[in-house]
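> This is the structure, below, for whatever I ask next.
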Amino acid sequence: MQETNETCNRLMGEFVENYMEKLFYFCLKKTGNHIESEDLTQDIALQIITALNKGTIPTSFSAWVWQIARNRYSVWAKEKHKRNESVTGSDIGDYEIEDESDNILDETIHTEQLALLRRELAFIKSDYRNIVVAYYIENKSVREIAELLSLPTNTVKSRLLRAREILKEGMDMAREFGKRSYNPENIFFSKNGRDGKNGQPWTIVNHMLYKNIFLEAYENPQTAEELSLELGIALPYMEDELEYLVREQLMTKTANKYQTAFPIISREEQRKKHEANIKVQKALTDKICELIDIYIREDGSKINFDHIGYEAAKWALIVRAFDYLQLSHNKNESLETPYPQRPNEGAWVLTGFETVNWDTPQFVGRHGYMTYDDDEINNYIDFWQFKFGFNNICEKTPDYITYDEAYTLWLACHGRITECEDRHIEKLLEYGYLKNYGAIVPSIVIFDENAEITLNYEASEKLTSLNREIGILLNQAPEISRGYVVEQALHNGWLKYDDNTINTIGAYIYL
């Protein structure tokens, strides 16, 4: 007798701790009403506790609890129908009598697998998921769901049946999420061309989730479901993110599969290039620095850096010279590379690079704004800033500037600051592209295409010779990147950086 009482007390404690909340949601789903569900829950609980107090010890406690719950609900539904029929004449079909067929929600509750159900709802297709959520979570009837989704009731029923099967199959699986779900990888990017008005692609690609989507789907088309599992992201969110990336032209979609829309250079490819680059790094940098020094000393009339000084100007000059020389010696590319049109008036190409586990030069990227203004002045804005990973300099400048800010900077460089709006001037002063020395002046390098070149014969011949030697070195390492030249120039002391160096190093504009 004492053993029976102890068992009953233990089962009573288990019921209160583990079943009361589940019973309430069971009743809420059945009644669709908070007050009625509370009453029904109390009624079921009273029957269970009374039976336990009388010494009932069921063979399977869980099955016994839910059998009482189903029986009590059936009684409640019939009694409610009788009450309402006498007043309204409503049909018994308006109330849900217990379905004797397998009900995935009930089975889940019975086996205490609510967490598995939530997991599977995150990975079921939207066609099924919307119906399951509406039916089980929002307590809508089949007729209401059919009206809401503009579907025939039979379609809703068949999808609900199929969804139950899919959920049951999934819940019986030991799902294995991909490595990226718990150990995401990183990549970095290089972009050429004009950013979109919202700063695309930079405002998108540095998101860690997107980086891992790009890595997973590069040369490996996958469905949203496959990517969802690999990255451990619920399917509704993954579907939304993928469609966004397709709109921004960073992913492509063929049938139901997604693929990364730009190249990603692997670690193995980078190592081969790195070894070739190291061989020419010093000689190439020395000759580019010598070329710049000669040009500035002998002429430099096309370049204005009066407000920042030569030491600060060098950061823009060396990378701009490198870009020009590399492109001019690359026989496979035109100096006027046409970039594909992108959303929000962007025109760019993007390349991704897997992160590597060996020492590489700090990354040097570029952002800016280049466009024609369609007003009566018909101005051509061509502003850029190189973004240096060294000392995290790139973190001190904005990811992008707007058209209005670029146009204001263009006006300031033409001495037309009085035509600028104060709010744009304030923003450029905050960034550091403009400085107030009693008068507001540009704090960047200015290339004046209209200035005349006055190089003497000797200097011209020397520059021609250096250009030829640089071409030979570039042919030995055709894909050497900016970072190698910047790193070597810093090592040589040709480039200098300290706490007094301006934040806008690397910024320049063409007039």
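Simple scheme: letters A, B, ... for chains in structure tokens order, numbers from 1 for residues in each chain, numbers from 1 for ligands in the order shown.
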Going by DSSP on the backbone, which bits of segment 199-360 of chain A are helix (DSSP H, G or I)? Write them as a PyMOL selection string, please.
chain A and resi 202-205+208-217+224-231+235-247+267-298+310-329+343-345
> Output the selection as a CSV table (one decimal), in the first residue's frame - C-alpha atoms for each residue.

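again_17.csv written:
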```csv
chain,number,residue,atom,x,y,z
A,202,TRP,CA,30.2,46.2,-49.6
A,203,THR,CA,27.1,46.7,-47.5
A,204,ILE,CA,26.1,43.1,-48.2
A,205,VAL,CA,29.1,40.9,-48.7
A,208,MET,CA,29.2,36.4,-42.0
A,209,LEU,CA,26.0,34.4,-43.1
A,210,TYR,CA,26.4,35.6,-46.7
A,211,LYS,CA,30.1,34.7,-46.7
A,212,ASN,CA,29.3,31.1,-45.8
A,213,ILE,CA,26.4,30.9,-48.3
A,214,PHE,CA,28.8,32.1,-51.0
A,215,LEU,CA,31.4,29.5,-50.0
A,216,GLU,CA,29.0,26.7,-49.8
A,217,ALA,CA,27.3,27.5,-53.2
A,224,ALA,CA,17.5,26.3,-50.3
A,225,GLU,CA,16.8,23.2,-48.1
A,226,GLU,CA,20.4,21.9,-48.6
A,227,LEU,CA,21.9,25.3,-47.8
A,228,SER,CA,19.6,25.6,-44.8
A,229,LEU,CA,20.8,22.3,-43.4
A,230,GLU,CA,24.5,23.0,-44.1
A,231,LEU,CA,24.4,26.4,-42.4
A,235,LEU,CA,14.4,27.5,-44.1
A,236,PRO,CA,12.0,30.5,-44.0
A,237,TYR,CA,15.0,32.8,-43.3
A,238,MET,CA,17.3,31.0,-45.7
A,239,GLU,CA,14.7,31.4,-48.6
A,240,ASP,CA,14.4,35.1,-47.9
A,241,GLU,CA,18.1,35.7,-47.8
A,242,LEU,CA,18.8,33.8,-51.0
A,243,GLU,CA,16.1,35.7,-52.9
A,244,TYR,CA,17.7,38.9,-51.7
A,245,LEU,CA,21.1,37.8,-52.8
A,246,VAL,CA,19.7,36.9,-56.2
A,247,ARG,CA,18.1,40.4,-56.6
A,267,ARG,CA,43.7,28.8,-50.8
A,268,GLU,CA,45.6,26.5,-53.2
A,269,GLU,CA,45.4,29.0,-56.0
A,270,GLN,CA,46.4,31.8,-53.7
A,271,ARG,CA,49.5,30.0,-52.5
A,272,LYS,CA,50.7,29.5,-56.1
A,273,LYS,CA,50.2,33.2,-56.9
A,274,HIS,CA,51.8,34.2,-53.6
A,275,GLU,CA,55.0,32.3,-54.3
A,276,ALA,CA,55.3,34.0,-57.8
A,277,ASN,CA,54.5,37.4,-56.3
A,278,ILE,CA,57.2,37.2,-53.6
A,279,LYS,CA,59.9,36.7,-56.3
A,280,VAL,CA,59.2,40.0,-58.0
A,281,GLN,CA,57.8,42.0,-55.0
A,282,LYS,CA,61.0,44.0,-54.1
A,283,ALA,CA,62.2,44.8,-57.6
A,284,LEU,CA,58.7,45.8,-58.8
A,285,THR,CA,58.1,48.1,-55.8
A,286,ASP,CA,61.5,49.8,-56.1
A,287,LYS,CA,60.9,50.7,-59.7
A,288,ILE,CA,57.4,51.9,-59.2
A,289,CYS,CA,58.5,54.2,-56.3
A,290,GLU,CA,61.4,55.5,-58.4
A,291,LEU,CA,59.1,56.2,-61.3
A,292,ILE,CA,56.7,58.2,-59.0
A,293,ASP,CA,59.6,60.2,-57.4
A,294,ILE,CA,61.0,61.1,-60.8
A,295,TYR,CA,57.6,62.2,-62.2
A,296,ILE,CA,56.7,64.3,-59.2
A,297,ARG,CA,60.2,65.9,-59.0
A,298,GLU,CA,60.5,66.7,-62.7
A,310,TYR,CA,53.7,64.4,-50.5
A,311,GLU,CA,54.1,61.8,-47.8
A,312,ALA,CA,50.3,61.4,-47.4
A,313,ALA,CA,49.8,61.6,-51.2
A,314,LYS,CA,52.2,58.7,-51.8
A,315,TRP,CA,49.6,56.2,-50.5
A,316,ALA,CA,47.2,57.1,-53.3
A,317,LEU,CA,50.0,57.6,-55.9
A,318,ILE,CA,51.7,54.2,-55.5
A,319,VAL,CA,48.5,52.1,-55.7
A,320,ARG,CA,47.1,54.2,-58.6
A,321,ALA,CA,50.4,53.9,-60.5
A,322,PHE,CA,50.4,50.1,-59.8
A,323,ASP,CA,46.8,49.7,-61.0
A,324,TYR,CA,47.6,51.6,-64.2
A,325,LEU,CA,50.8,49.8,-64.9
A,326,GLN,CA,49.4,46.4,-64.2
A,327,LEU,CA,46.4,47.0,-66.5
A,328,SER,CA,48.5,48.6,-69.3
A,329,HIS,CA,50.9,45.6,-69.4
A,343,PRO,CA,21.2,47.4,-58.8
A,344,ASN,CA,21.0,51.0,-57.6
A,345,GLU,CA,23.2,52.3,-60.4
```
> Can you pull out every residue within 6 Å of segment 474-490 of chain A, counting only C-alpha atoms, but drop anything in the same chain fewer than 3 positions away, and send it as a list in words?
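Surrounding residues, per the criterion: Ala276, Asn277, Thr285, Pro361, Gln362, Phe363, Val364, Gly471, Gly493, Trp494 and Leu495 of chain A.
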> Let's have the selection written as a PDB file, in the first residue's frame, with C-alpha atoms.

```
ATOM      1  CA  ALA A 276      55.262  33.962 -57.783  1.00  0.00           C
ATOM      2  CA  ASN A 277      54.519  37.386 -56.318  1.00  0.00           C
ATOM      3  CA  THR A 285      58.086  48.083 -55.800  1.00  0.00           C
ATOM      4  CA  PRO A 361      50.194  41.277 -47.411  1.00  0.00           C
ATOM      5  CA  GLN A 362      47.425  43.348 -45.895  1.00  0.00           C
ATOM      6  CA  PHE A 363      44.454  43.711 -48.210  1.00  0.00           C
ATOM      7  CA  VAL A 364      44.095  46.881 -50.293  1.00  0.00           C
ATOM      8  CA  GLY A 471      56.263  45.379 -67.589  1.00  0.00           C
ATOM      9  CA  GLY A 493      60.431  53.305 -45.632  1.00  0.00           C
ATOM     10  CA  TRP A 494      59.133  54.930 -48.813  1.00  0.00           C
ATOM     11  CA  LEU A 495      55.637  54.856 -47.300  1.00  0.00           C
TER      12      LEU A 495
END
```
> If I take atom CA of Ile505 of chain A and atom CA of Glu395 of chain A, how far is one from the other in Å, to one decimal?
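The value is 12.4 Å.
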> Would you mind listing what lies within 12 Å of Val65 of chain A as a PDB file with C-alpha atoms, in the first residue's frame, with only C-alpha atoms counted and same-chain residues fewer than 3 positions away left out?

```pdb
ATOM      1  CA  LEU A  11       3.193  10.319 -11.026  1.00  0.00           C
ATOM      2  CA  MET A  12       1.192  13.278  -9.727  1.00  0.00           C
ATOM      3  CA  GLU A  14       5.419  14.294 -12.962  1.00  0.00           C
ATOM      4  CA  PHE A  15       2.004  15.241 -14.338  1.00  0.00           C
ATOM      5  CA  VAL A  16       2.048  18.722 -12.826  1.00  0.00           C
ATOM      6  CA  ASN A  18       5.639  17.888 -17.420  1.00  0.00           C
ATOM      7  CA  TYR A  19       2.059  17.759 -18.700  1.00  0.00           C
ATOM      8  CA  MET A  20       0.052  20.760 -17.547  1.00  0.00           C
ATOM      9  CA  LYS A  22       1.223  20.704 -22.919  1.00  0.00           C
ATOM     10  CA  LEU A  23      -2.366  19.960 -21.944  1.00  0.00           C
ATOM     11  CA  THR A  41      -7.466  21.779 -18.954  1.00  0.00           C
ATOM     12  CA  ILE A  44      -8.864  16.942 -17.569  1.00  0.00           C
ATOM     13  CA  ALA A  45      -6.367  17.563 -14.750  1.00  0.00           C
ATOM     14  CA  LEU A  46      -9.083  16.950 -12.143  1.00  0.00           C
ATOM     15  CA  GLN A  47      -9.946  13.558 -13.672  1.00  0.00           C
ATOM     16  CA  ILE A  48      -6.274  12.514 -13.795  1.00  0.00           C
ATOM     17  CA  ILE A  49      -5.465  13.618 -10.218  1.00  0.00           C
ATOM     18  CA  ALA A  51      -7.765   8.701 -10.537  1.00  0.00           C
ATOM     19  CA  LEU A  52      -4.221   8.841  -9.124  1.00  0.00           C
ATOM     20  CA  THR A  56      -4.709   4.026 -10.327  1.00  0.00           C
ATOM     21  CA  ILE A  57      -1.262   3.153 -11.682  1.00  0.00           C
ATOM     22  CA  PRO A  58      -1.318   3.053 -15.525  1.00  0.00           C
ATOM     23  CA  THR A  59       1.024   0.804 -17.487  1.00  0.00           C
ATOM     24  CA  SER A  60       1.973   3.668 -19.819  1.00  0.00           C
ATOM     25  CA  PHE A  61       1.532   6.968 -18.001  1.00  0.00           C
ATOM     26  CA  SER A  62       1.881   9.173 -21.100  1.00  0.00           C
ATOM     27  CA  ILE A  68      -8.149  10.831 -20.813  1.00  0.00           C
ATOM     28  CA  ALA A  69      -7.519  14.172 -22.543  1.00  0.00           C
ATOM     29  CA  ARG A  70      -8.960  12.974 -25.865  1.00  0.00           C
ATOM     30  CA  ASN A  71     -11.979  11.378 -24.213  1.00  0.00           C
ATOM     31  CA  ARG A  72     -12.742  14.470 -22.139  1.00  0.00           C
ATOM     32  CA  ASP A 106      -0.853  14.731 -30.860  1.00  0.00           C
ATOM     33  CA  ILE A 109       2.892  15.630 -27.559  1.00  0.00           C
ATOM     34  CA  HIS A 110       2.373  12.014 -26.582  1.00  0.00           C
ATOM     35  CA  THR A 111       6.031  11.195 -27.123  1.00  0.00           C
TER      36      THR A 111
END
```
> Write down as an mmCIF file with N, CA and C atoms, in the first residue's frame the residues belonging to segment 133-358 of chain A that are assigned strand (DSSP E or B) by DSSP computed on the backbone.

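Contents of the output file part25.cif:
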```cif
data_model
loop_
_atom_site.group_PDB
_atom_site.id
_atom_site.type_symbol
_atom_site.label_atom_id
_atom_site.label_comp_id
_atom_site.auth_asym_id
_atom_site.auth_seq_id
_atom_site.Cartn_x
_atom_site.Cartn_y
_atom_site.Cartn_z
ATOM 1 N N ILE A 187 35.849 34.808 -45.674
ATOM 2 C CA ILE A 187 36.470 35.167 -46.938
ATOM 3 C C ILE A 187 36.576 36.687 -46.984
ATOM 4 N N PHE A 188 37.451 37.170 -47.841
ATOM 5 C CA PHE A 188 37.526 38.608 -48.051
ATOM 6 C C PHE A 188 37.354 38.874 -49.534
ATOM 7 N N PHE A 189 37.192 40.135 -49.901
ATOM 8 C CA PHE A 189 36.759 40.466 -51.252
ATOM 9 C C PHE A 189 37.613 41.549 -51.893
ATOM 10 N N SER A 190 37.621 41.518 -53.215
ATOM 11 C CA SER A 190 38.198 42.588 -54.022
ATOM 12 C C SER A 190 37.139 43.000 -55.027
ATOM 13 N N LYS A 191 36.929 44.309 -55.179
ATOM 14 C CA LYS A 191 35.901 44.810 -56.094
ATOM 15 C C LYS A 191 36.469 45.877 -57.004
ATOM 16 N N ASN A 192 36.103 45.828 -58.277
ATOM 17 C CA ASN A 192 36.427 46.888 -59.214
ATOM 18 C C ASN A 192 35.142 47.442 -59.795
ATOM 19 N N GLY A 193 35.117 48.747 -60.013
ATOM 20 C CA GLY A 193 33.930 49.373 -60.575
ATOM 21 C C GLY A 193 33.271 50.327 -59.604
ATOM 22 N N ARG A 194 32.020 50.667 -59.883
ATOM 23 C CA ARG A 194 31.291 51.685 -59.125
ATOM 24 C C ARG A 194 30.302 51.031 -58.168
ATOM 25 N N GLN A 222 22.964 24.438 -55.086
ATOM 26 C CA GLN A 222 22.241 23.759 -54.018
ATOM 27 C C GLN A 222 20.854 24.354 -53.864
ATOM 28 N N THR A 223 19.956 23.563 -53.340
ATOM 29 C CA THR A 223 18.615 24.043 -53.037
ATOM 30 C C THR A 223 18.643 24.839 -51.736
ATOM 31 N N MET A 251 24.046 36.087 -56.247
ATOM 32 C CA MET A 251 23.742 34.670 -56.446
ATOM 33 C C MET A 251 22.931 34.546 -57.732
ATOM 34 N N THR A 252 22.967 33.361 -58.337
ATOM 35 C CA THR A 252 22.088 33.058 -59.463
ATOM 36 C C THR A 252 21.157 31.919 -59.056
ATOM 37 N N LYS A 253 20.020 31.836 -59.714
ATOM 38 C CA LYS A 253 19.062 30.774 -59.414
ATOM 39 C C LYS A 253 18.643 30.106 -60.718
ATOM 40 N N THR A 254 18.839 28.799 -60.795
ATOM 41 C CA THR A 254 18.420 28.008 -61.945
ATOM 42 C C THR A 254 17.519 26.903 -61.428
ATOM 43 N N LYS A 257 17.737 25.724 -57.688
ATOM 44 C CA LYS A 257 19.080 25.674 -57.111
ATOM 45 C C LYS A 257 19.781 27.026 -57.234
ATOM 46 N N TYR A 258 20.558 27.322 -56.195
ATOM 47 C CA TYR A 258 21.259 28.599 -56.099
ATOM 48 C C TYR A 258 22.765 28.378 -56.228
ATOM 49 N N GLN A 259 23.439 29.372 -56.847
ATOM 50 C CA GLN A 259 24.884 29.276 -57.018
ATOM 51 C C GLN A 259 25.505 30.667 -56.886
ATOM 52 N N THR A 260 26.706 30.712 -56.320
ATOM 53 C CA THR A 260 27.425 31.980 -56.166
ATOM 54 C C THR A 260 27.741 32.563 -57.534
ATOM 55 N N ILE A 264 35.481 32.740 -56.472
ATOM 56 C CA ILE A 264 36.139 32.709 -55.164
ATOM 57 C C ILE A 264 37.457 31.963 -55.341
ATOM 58 N N ILE A 265 38.554 32.630 -55.034
ATOM 59 C CA ILE A 265 39.875 32.049 -55.229
ATOM 60 C C ILE A 265 40.236 31.180 -54.030
ATOM 61 N N ILE A 303 49.193 66.648 -60.826
ATOM 62 C CA ILE A 303 48.796 66.114 -59.518
ATOM 63 C C ILE A 303 48.906 67.206 -58.457
ATOM 64 N N ASN A 304 47.810 67.411 -57.727
ATOM 65 C CA ASN A 304 47.771 68.435 -56.682
ATOM 66 C C ASN A 304 47.546 67.759 -55.326
ATOM 67 N N GLN A 341 26.248 46.270 -65.297
ATOM 68 C CA GLN A 341 25.356 47.120 -64.524
ATOM 69 C C GLN A 341 24.745 46.336 -63.371
ATOM 70 N N ARG A 342 24.656 46.988 -62.221
ATOM 71 C CA ARG A 342 24.151 46.347 -61.006
ATOM 72 C C ARG A 342 22.999 47.162 -60.420
ATOM 73 N N GLY A 346 24.832 50.687 -59.614
ATOM 74 C CA GLY A 346 26.184 50.178 -59.471
ATOM 75 C C GLY A 346 26.685 49.579 -60.780
ATOM 76 N N ALA A 347 27.994 49.442 -60.912
ATOM 77 C CA ALA A 347 28.622 48.787 -62.065
ATOM 78 C C ALA A 347 29.950 48.230 -61.565
ATOM 79 N N TRP A 348 29.993 46.926 -61.249
ATOM 80 C CA TRP A 348 31.160 46.385 -60.582
ATOM 81 C C TRP A 348 31.352 44.900 -60.878
ATOM 82 N N VAL A 349 32.555 44.444 -60.594
ATOM 83 C CA VAL A 349 32.855 43.008 -60.569
ATOM 84 C C VAL A 349 33.464 42.704 -59.211
ATOM 85 N N LEU A 350 33.181 41.522 -58.699
ATOM 86 C CA LEU A 350 33.601 41.145 -57.350
ATOM 87 C C LEU A 350 34.363 39.827 -57.412
ATOM 88 N N THR A 351 35.394 39.720 -56.599
ATOM 89 C CA THR A 351 36.139 38.467 -56.452
ATOM 90 C C THR A 351 36.286 38.161 -54.970
ATOM 91 N N GLY A 352 36.038 36.919 -54.603
ATOM 92 C CA GLY A 352 36.208 36.496 -53.212
ATOM 93 C C GLY A 352 37.494 35.702 -53.055
ATOM 94 N N PHE A 353 38.033 35.715 -51.856
ATOM 95 C CA PHE A 353 39.265 34.975 -51.558
ATOM 96 C C PHE A 353 39.076 34.223 -50.240
ATOM 97 N N GLU A 354 39.330 32.936 -50.255
ATOM 98 C CA GLU A 354 39.316 32.195 -48.997
ATOM 99 C C GLU A 354 40.447 32.705 -48.102
#
```
> For atom CA of Ser141 of chain A and atom CA of Tyr128 of chain A, determine how far apart the two atoms are, in Å to one decimal place.
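Interatomic distance, atom CA of Ser141 of chain A to atom CA of Tyr128 of chain A: 15.1 Å.
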